[in-house]
Amino acid sequence: MKYSFEWNEFADQPHNVAPRSERTRHHFKHWRTYFSLAAADLRYGLPGLWLYRRYRRNMYRERVRIDPSAFAVSVSPAALPVSDKSGDVIELLKAAGVQETLVRIPSWEKGRLDAYERFAARLHAHGFGLTIAVLQRREDVFEEAAWAGFLEDVFARFRPFCPNFEVGHAWNRTKWGVWDYTEYLKLAQPAVRLREKYRATLVGPAVIDFEFHLYPPTVSRLPFDKISSLLYVDRVGAPDNGQFGWTTAMKVALFKAVADVSAGRDCDCWITEVNWPLRGTGKFSPASGEPNVTEEEQADYLVRYYLICLAGGLIERVFWWQLAAPGYGLIDSREEPWRKRPSYFAFRTMTGIVGGSTFVGKAENTERAGGEIFLFEKQGRDFAVCWTNGVPFEHEFSRPVERILDRDGKDMEVRPGRIKIERSPKYVFFG
């Protein structure tokens, strides 16, 4: 290895500094891994596609309870300003209705584990559930003893107040230091022993984006308790849009099917990272060009993504990355005091209304117009969440409408007759 790891502190991700020539040599040298990858995919491919068809056919046709813990948010002290903001973070999480959090711990920050431990302990003391995501770099692939020792230290320190540990992160991107799935298996193996030793919940394999072909050779070999994906769909804009014909709903069904077939059981599936980067944030955005959206679009897509994933009954929990970040967070931490973005208010409204409800089905005869009307019940009251991915249109509900709230929880005027369905989700309560 002839290069040094470089961290982009503005976008919270590594710089891709590995020379292309070195990566190419690696792939040629380890060409056999691609044959073993193909063999695993062939073995599980047909059963996975069969199960996908069944899951896809049944999505949104069965009652699904939406647990409040499903609406999770990541927060990392590494992304906070130098001044102590942990108190602000606690209050902001509580106000948004968050119950479950995720904290990243990078291997190159092992000298700061005391600070991470204090931060995590404070979250725990205030009643938040916690998942630790352990981040790797290229050096960890070669320094096996140091990596194993780091994992041991993390499990030992954080297990008293954290049951869940996600091992590895976005390893199917070379900038995160792992260049093929066999290297990931080697990194994850020490965590299997620690899972038993500390009676912890092991989460993985933390593959980023729509690359589910990497699940059979990893999930079939590692005893994950929760199967995770960093399922970004920002490059196609709205979550209703398709990538090569695959919408978010279709990707979720395939994710669950491949996970179940690979593990040989009915798996609990988590999406441990998602966001939309924001236009006009410059160096703070983790992406460039088309994936960047306005703050209003981000708030709309956030609600639509969560409901598409959770109402299908195939995803147990979704983590938004993250609470406070200039280029993509629910809160812009560049300003003092911190500025709550539209996505923060959208998240808060969504958790308050949908958390603890039961999804009962979708209204028919609206999808042709690009519309979505998800129906819920909660504490004896029925309501709908509706939006369109196409042009706005008017819809007349078969039941009297008592109240309408916009995406951010503000009351809207209730008029008799047809209600305008727009790209921004709204909550319609029936009398």
# chains A, B, ... in the order shown; residues from 1 in each chain; ligands from 1
>>> residues_around(residues="A:Asp332", least_positions_apart="6", cutoff="12 Å", atoms="only C-alpha atoms", output="PyMOL selection string")
chain A and resi 79-81+278+281+284-285+295+322-326+338-344
>>> write_last_selection(atoms="C-alpha atoms", output="PDB file, in the first residue's frame")
ATOM      1  CA  ALA A  79     -19.314  16.000  12.917  1.00  0.00           C
ATOM      2  CA  LEU A  80     -20.098  18.454  15.718  1.00  0.00           C
ATOM      3  CA  PRO A  81     -18.252  21.752  16.259  1.00  0.00           C
ATOM      4  CA  LEU A 278     -28.235  19.602  -0.540  1.00  0.00           C
ATOM      5  CA  THR A 281     -23.679  23.602   0.192  1.00  0.00           C
ATOM      6  CA  PHE A 284     -20.050  20.132   2.559  1.00  0.00           C
ATOM      7  CA  SER A 285     -22.076  18.071   0.087  1.00  0.00           C
ATOM      8  CA  GLU A 295     -34.112  21.752   1.186  1.00  0.00           C
ATOM      9  CA  GLN A 322     -27.548  12.484  10.062  1.00  0.00           C
ATOM     10  CA  LEU A 323     -29.017  14.981  12.561  1.00  0.00           C
ATOM     11  CA  ALA A 324     -26.605  17.918  12.150  1.00  0.00           C
ATOM     12  CA  ALA A 325     -24.473  18.380   9.026  1.00  0.00           C
ATOM     13  CA  PRO A 326     -24.091  21.353   6.688  1.00  0.00           C
ATOM     14  CA  TRP A 338     -28.281  25.817  14.693  1.00  0.00           C
ATOM     15  CA  ARG A 339     -30.945  26.157  11.999  1.00  0.00           C
ATOM     16  CA  LYS A 340     -33.634  23.513  11.738  1.00  0.00           C
ATOM     17  CA  ARG A 341     -34.153  22.674   8.092  1.00  0.00           C
ATOM     18  CA  PRO A 342     -37.551  21.760   6.580  1.00  0.00           C
ATOM     19  CA  SER A 343     -36.499  18.114   6.789  1.00  0.00           C
ATOM     20  CA  TYR A 344     -36.252  18.373  10.583  1.00  0.00           C
TER      21      TYR A 344
END
>>> residues_around(residues="A:Arg221", least_positions_apart="4", cutoff="10 Å", atoms="only C-alpha atoms", output="JSON, numbers by chain")
{"A": [185, 189, 215, 216, 217, 262, 263]}
>>> write_last_selection(atoms="N, CA and C atoms", output="mmCIF file, in the first residue's frame")
data_model
loop_
_atom_site.group_PDB
_atom_site.id
_atom_site.type_symbol
_atom_site.label_atom_id
_atom_site.label_comp_id
_atom_site.auth_asym_id
_atom_site.auth_seq_id
_atom_site.Cartn_x
_atom_site.Cartn_y
_atom_site.Cartn_z
ATOM 1 N N LEU A 185 -14.891 -10.046 4.509
ATOM 2 C CA LEU A 185 -15.087 -11.223 5.360
ATOM 3 C C LEU A 185 -13.994 -11.307 6.423
ATOM 4 N N GLN A 189 -14.787 -11.069 10.525
ATOM 5 C CA GLN A 189 -14.671 -12.315 11.285
ATOM 6 C C GLN A 189 -14.396 -12.109 12.777
ATOM 7 N N TYR A 215 -24.580 -9.651 -1.210
ATOM 8 C CA TYR A 215 -25.156 -10.249 -0.011
ATOM 9 C C TYR A 215 -24.980 -11.770 0.063
ATOM 10 N N PRO A 216 -25.203 -12.521 -1.010
ATOM 11 C CA PRO A 216 -25.025 -13.972 -0.896
ATOM 12 C C PRO A 216 -23.663 -14.406 -0.373
ATOM 13 N N PRO A 217 -22.531 -13.887 -0.880
ATOM 14 C CA PRO A 217 -21.243 -14.394 -0.386
ATOM 15 C C PRO A 217 -20.861 -13.879 1.004
ATOM 16 N N SER A 262 -30.091 -15.688 1.424
ATOM 17 C CA SER A 262 -28.674 -15.847 1.754
ATOM 18 C C SER A 262 -28.481 -16.341 3.178
ATOM 19 N N ALA A 263 -29.295 -15.840 4.101
ATOM 20 C CA ALA A 263 -29.172 -16.231 5.509
ATOM 21 C C ALA A 263 -29.920 -17.518 5.815
#
>>> residues_around(residues="A:Arg304", least_positions_apart="2", cutoff="12 Å", atoms="only C-alpha atoms", output="short mmCIF file (atom, residue, chain, number, x, y, z; two decimals) with N, CA and C atoms, in the first residue's frame")
data_model
loop_
_atom_site.label_atom_id
_atom_site.label_comp_id
_atom_site.auth_asym_id
_atom_site.auth_seq_id
_atom_site.Cartn_x
_atom_site.Cartn_y
_atom_site.Cartn_z
N VAL A 233 -30.91 6.35 -2.75
CA VAL A 233 -31.57 6.43 -4.05
C VAL A 233 -31.51 7.86 -4.58
N GLY A 237 -33.19 11.05 -7.87
CA GLY A 237 -34.12 12.09 -7.40
C GLY A 237 -35.12 11.55 -6.41
N ALA A 238 -36.39 11.62 -6.74
CA ALA A 238 -37.45 11.18 -5.83
C ALA A 238 -37.37 9.68 -5.58
N PRO A 239 -37.75 9.22 -4.38
CA PRO A 239 -37.69 7.78 -4.09
C PRO A 239 -38.66 6.96 -4.93
N ASP A 240 -39.65 7.63 -5.54
CA ASP A 240 -40.60 6.92 -6.41
C ASP A 240 -40.00 6.66 -7.79
N ASN A 241 -38.93 7.35 -8.13
CA ASN A 241 -38.31 7.17 -9.46
C ASN A 241 -37.59 5.82 -9.54
N THR A 248 -37.70 2.48 -5.34
CA THR A 248 -37.32 2.17 -3.96
C THR A 248 -38.10 0.98 -3.43
N ALA A 249 -39.40 0.92 -3.70
CA ALA A 249 -40.20 -0.20 -3.23
C ALA A 249 -39.69 -1.53 -3.78
N GLU A 297 -37.19 19.87 -1.33
CA GLU A 297 -37.23 18.54 -1.96
C GLU A 297 -36.71 17.48 -0.99
N GLN A 298 -35.64 17.79 -0.27
CA GLN A 298 -35.11 16.83 0.69
C GLN A 298 -36.17 16.45 1.72
N ALA A 299 -36.91 17.42 2.23
CA ALA A 299 -37.94 17.15 3.22
C ALA A 299 -39.06 16.28 2.64
N ASP A 300 -39.47 16.58 1.40
CA ASP A 300 -40.50 15.77 0.75
C ASP A 300 -40.03 14.32 0.57
N TYR A 301 -38.81 14.16 0.07
CA TYR A 301 -38.29 12.83 -0.23
C TYR A 301 -38.07 12.02 1.04
N LEU A 302 -37.68 12.69 2.12
CA LEU A 302 -37.49 12.00 3.39
C LEU A 302 -38.77 11.27 3.82
N TYR A 306 -39.31 7.07 3.86
CA TYR A 306 -39.62 6.32 5.07
C TYR A 306 -40.92 5.55 4.93
N LEU A 307 -41.95 6.18 4.38
CA LEU A 307 -43.24 5.49 4.29
C LEU A 307 -43.20 4.37 3.26
N ILE A 308 -42.53 4.59 2.14
CA ILE A 308 -42.39 3.52 1.14
C ILE A 308 -41.70 2.31 1.74
N CYS A 309 -40.64 2.55 2.54
CA CYS A 309 -39.88 1.45 3.11
C CYS A 309 -40.62 0.75 4.25
N LEU A 310 -41.20 1.52 5.15
CA LEU A 310 -41.76 0.94 6.37
C LEU A 310 -43.15 0.34 6.16
N ALA A 311 -43.97 0.96 5.33
CA ALA A 311 -45.34 0.47 5.16
C ALA A 311 -45.39 -0.86 4.41
N SER A 343 -36.52 19.56 6.56
CA SER A 343 -36.50 18.11 6.79
C SER A 343 -36.61 17.77 8.27
N ALA A 346 -40.29 18.07 8.99
CA ALA A 346 -40.97 16.97 8.31
C ALA A 346 -40.78 15.67 9.08
N PHE A 347 -39.55 15.44 9.55
CA PHE A 347 -39.26 14.22 10.32
C PHE A 347 -40.06 14.23 11.63
N MET A 350 -43.73 13.51 10.94
CA MET A 350 -43.91 12.12 10.53
C MET A 350 -43.86 11.18 11.72
N GLY A 371 -49.94 9.25 -8.18
CA GLY A 371 -50.30 9.53 -6.80
C GLY A 371 -50.12 8.35 -5.87
N GLU A 372 -49.88 8.64 -4.62
CA GLU A 372 -49.78 7.63 -3.57
C GLU A 372 -50.63 8.09 -2.39
N ILE A 373 -51.52 7.22 -1.94
CA ILE A 373 -52.32 7.50 -0.75
C ILE A 373 -52.19 6.30 0.17
N PHE A 374 -51.42 6.47 1.25
CA PHE A 374 -51.20 5.42 2.23
C PHE A 374 -52.18 5.63 3.38
N VAL A 385 -51.78 9.50 4.33
CA VAL A 385 -50.65 10.32 3.93
C VAL A 385 -50.59 10.24 2.40
N CYS A 386 -50.62 11.39 1.75
CA CYS A 386 -50.73 11.36 0.29
C CYS A 386 -49.75 12.32 -0.37
N TRP A 387 -49.34 11.95 -1.57
CA TRP A 387 -48.46 12.78 -2.39
C TRP A 387 -48.53 12.29 -3.83
N THR A 388 -47.92 13.02 -4.73
CA THR A 388 -47.79 12.57 -6.11
C THR A 388 -46.37 12.77 -6.58
N ASN A 389 -45.92 11.88 -7.41
CA ASN A 389 -44.61 12.03 -8.05
C ASN A 389 -44.76 12.64 -9.43
N ARG A 407 -46.89 18.83 5.31
CA ARG A 407 -45.72 17.98 5.61
C ARG A 407 -45.06 18.33 6.93
N ARG A 423 -46.72 17.22 -4.69
CA ARG A 423 -45.47 16.49 -4.49
C ARG A 423 -45.05 16.48 -3.02
N SER A 424 -45.47 17.47 -2.26
CA SER A 424 -45.17 17.51 -0.84
C SER A 424 -46.23 16.73 -0.08
N PRO A 425 -45.83 15.74 0.73
CA PRO A 425 -46.82 14.92 1.43
C PRO A 425 -47.70 15.75 2.37
N LYS A 426 -48.93 15.32 2.53
CA LYS A 426 -49.84 15.93 3.50
C LYS A 426 -50.60 14.83 4.23
#
>>> residues_around(residues="A:Arg57", least_positions_apart="6", cutoff="12 Å", atoms="only C-alpha atoms", output="MDAnalysis selection string")
chainID A and resid 50:51 249:250 253:254 312
>>> residues_around(residues="A:Pro277", least_positions_apart="3", cutoff="7 Å", atoms="only C-alpha atoms", output="list in words")
Ser285, Pro286, Ala287, Pro291, Asn292, Val293, Gly327 and Tyr328 of chain A
>>> closest_atom_pairs(of="stretch 58-139 of chain A", to="stretch 198-213 of chain A", cutoff="10 Å", atoms="only C-alpha atoms", output="tab-separated table")
residue	atom	partner	partner_atom	distance
A:Thr131	CA	A:Val203	CA	8.9
A:Ile132	CA	A:Val203	CA	9.3
A:Ala133	CA	A:Val203	CA	8.6
>>> closest_atom_pairs(of="stretch 147-231 of chain A", to="stretch 268-271 of chain A", cutoff="8 Å", atoms="only C-alpha atoms", output="CSV")
residue,atom,partner,partner_atom,distance
A:Asp225,CA,A:Asp268,CA,7.4
A:Lys226,CA,A:Asp268,CA,5.2
A:Ile227,CA,A:Cys269,CA,4.8
A:Ser228,CA,A:Trp270,CA,4.7
A:Ser229,CA,A:Ile271,CA,4.9
A:Leu230,CA,A:Ile271,CA,5.6
A:Leu231,CA,A:Ile271,CA,6.2
>>> write_last_selection(atoms="N, CA and C atoms", output="PDB file, in the first residue's frame")
ATOM      1  N   ASP A 225     -27.248 -10.707  12.940  1.00  0.00           N
ATOM      2  CA  ASP A 225     -28.568 -10.716  13.575  1.00  0.00           C
ATOM      3  C   ASP A 225     -29.522  -9.759  12.869  1.00  0.00           C
ATOM      4  N   LYS A 226     -28.992  -8.675  12.346  1.00  0.00           N
ATOM      5  CA  LYS A 226     -29.755  -7.712  11.560  1.00  0.00           C
ATOM      6  C   LYS A 226     -29.010  -7.504  10.246  1.00  0.00           C
ATOM      7  N   ILE A 227     -29.720  -7.556   9.140  1.00  0.00           N
ATOM      8  CA  ILE A 227     -29.106  -7.370   7.831  1.00  0.00           C
ATOM      9  C   ILE A 227     -29.261  -5.907   7.425  1.00  0.00           C
ATOM     10  N   SER A 228     -28.135  -5.270   7.125  1.00  0.00           N
ATOM     11  CA  SER A 228     -28.177  -3.826   6.886  1.00  0.00           C
ATOM     12  C   SER A 228     -27.791  -3.465   5.467  1.00  0.00           C
ATOM     13  N   SER A 229     -28.364  -2.345   5.014  1.00  0.00           N
ATOM     14  CA  SER A 229     -28.030  -1.762   3.717  1.00  0.00           C
ATOM     15  C   SER A 229     -27.982  -0.254   3.869  1.00  0.00           C
ATOM     16  N   LEU A 230     -27.034   0.372   3.191  1.00  0.00           N
ATOM     17  CA  LEU A 230     -26.990   1.826   3.092  1.00  0.00           C
ATOM     18  C   LEU A 230     -27.659   2.162   1.765  1.00  0.00           C
ATOM     19  N   LEU A 231     -28.984   2.163   1.779  1.00  0.00           N
ATOM     20  CA  LEU A 231     -29.755   2.160   0.536  1.00  0.00           C
ATOM     21  C   LEU A 231     -30.070   3.595   0.072  1.00  0.00           C
TER      22      LEU A 231
END
>>> closest_residue(among="A:Arg159, A:Arg403, A:Lys283, A:Arg122", to="A:Lys197", atoms="only C-alpha atoms")
A:Arg159
>>> closest_residue(among="A:Glu152, A:Ile90, A:Arg104, A:Arg157", to="A:Phe128", atoms="only C-alpha atoms")
A:Ile90
>>> select_by_dssp(residues="stretch 117-314 of chain A", states="strand (DSSP E or B)", output="VMD selection string")
chain A and resid 129 to 135 164 to 167 201 to 208 226 to 230 243 246 268 to 271 278 293
>>> select_by_dssp(residues="stretch 203-313 of chain A", states="helix (DSSP H, G or I)", output="PyMOL selection string")
chain A and resi 212-214+216-219+234-236+248-263+282-284+295-311
>>> residues_around(residues="A:Trp147", least_positions_apart="3", cutoff="10 Å", atoms="only C-alpha atoms", output="MDAnalysis selection string")
chainID A and resid 107 136:137 139:144 150:153 187:188 190
>>> residues_around(residues="A:Glu109", least_positions_apart="3", cutoff="12 Å", atoms="only C-alpha atoms", output="list in words")
Trp7, Pro77, Ala78, Arg104, Ile105, Pro106, Arg112, Leu113, Asp114, Ala115, Tyr116, Val134, Leu135, Gln136, Arg137, Phe150 and Val154 of chain A
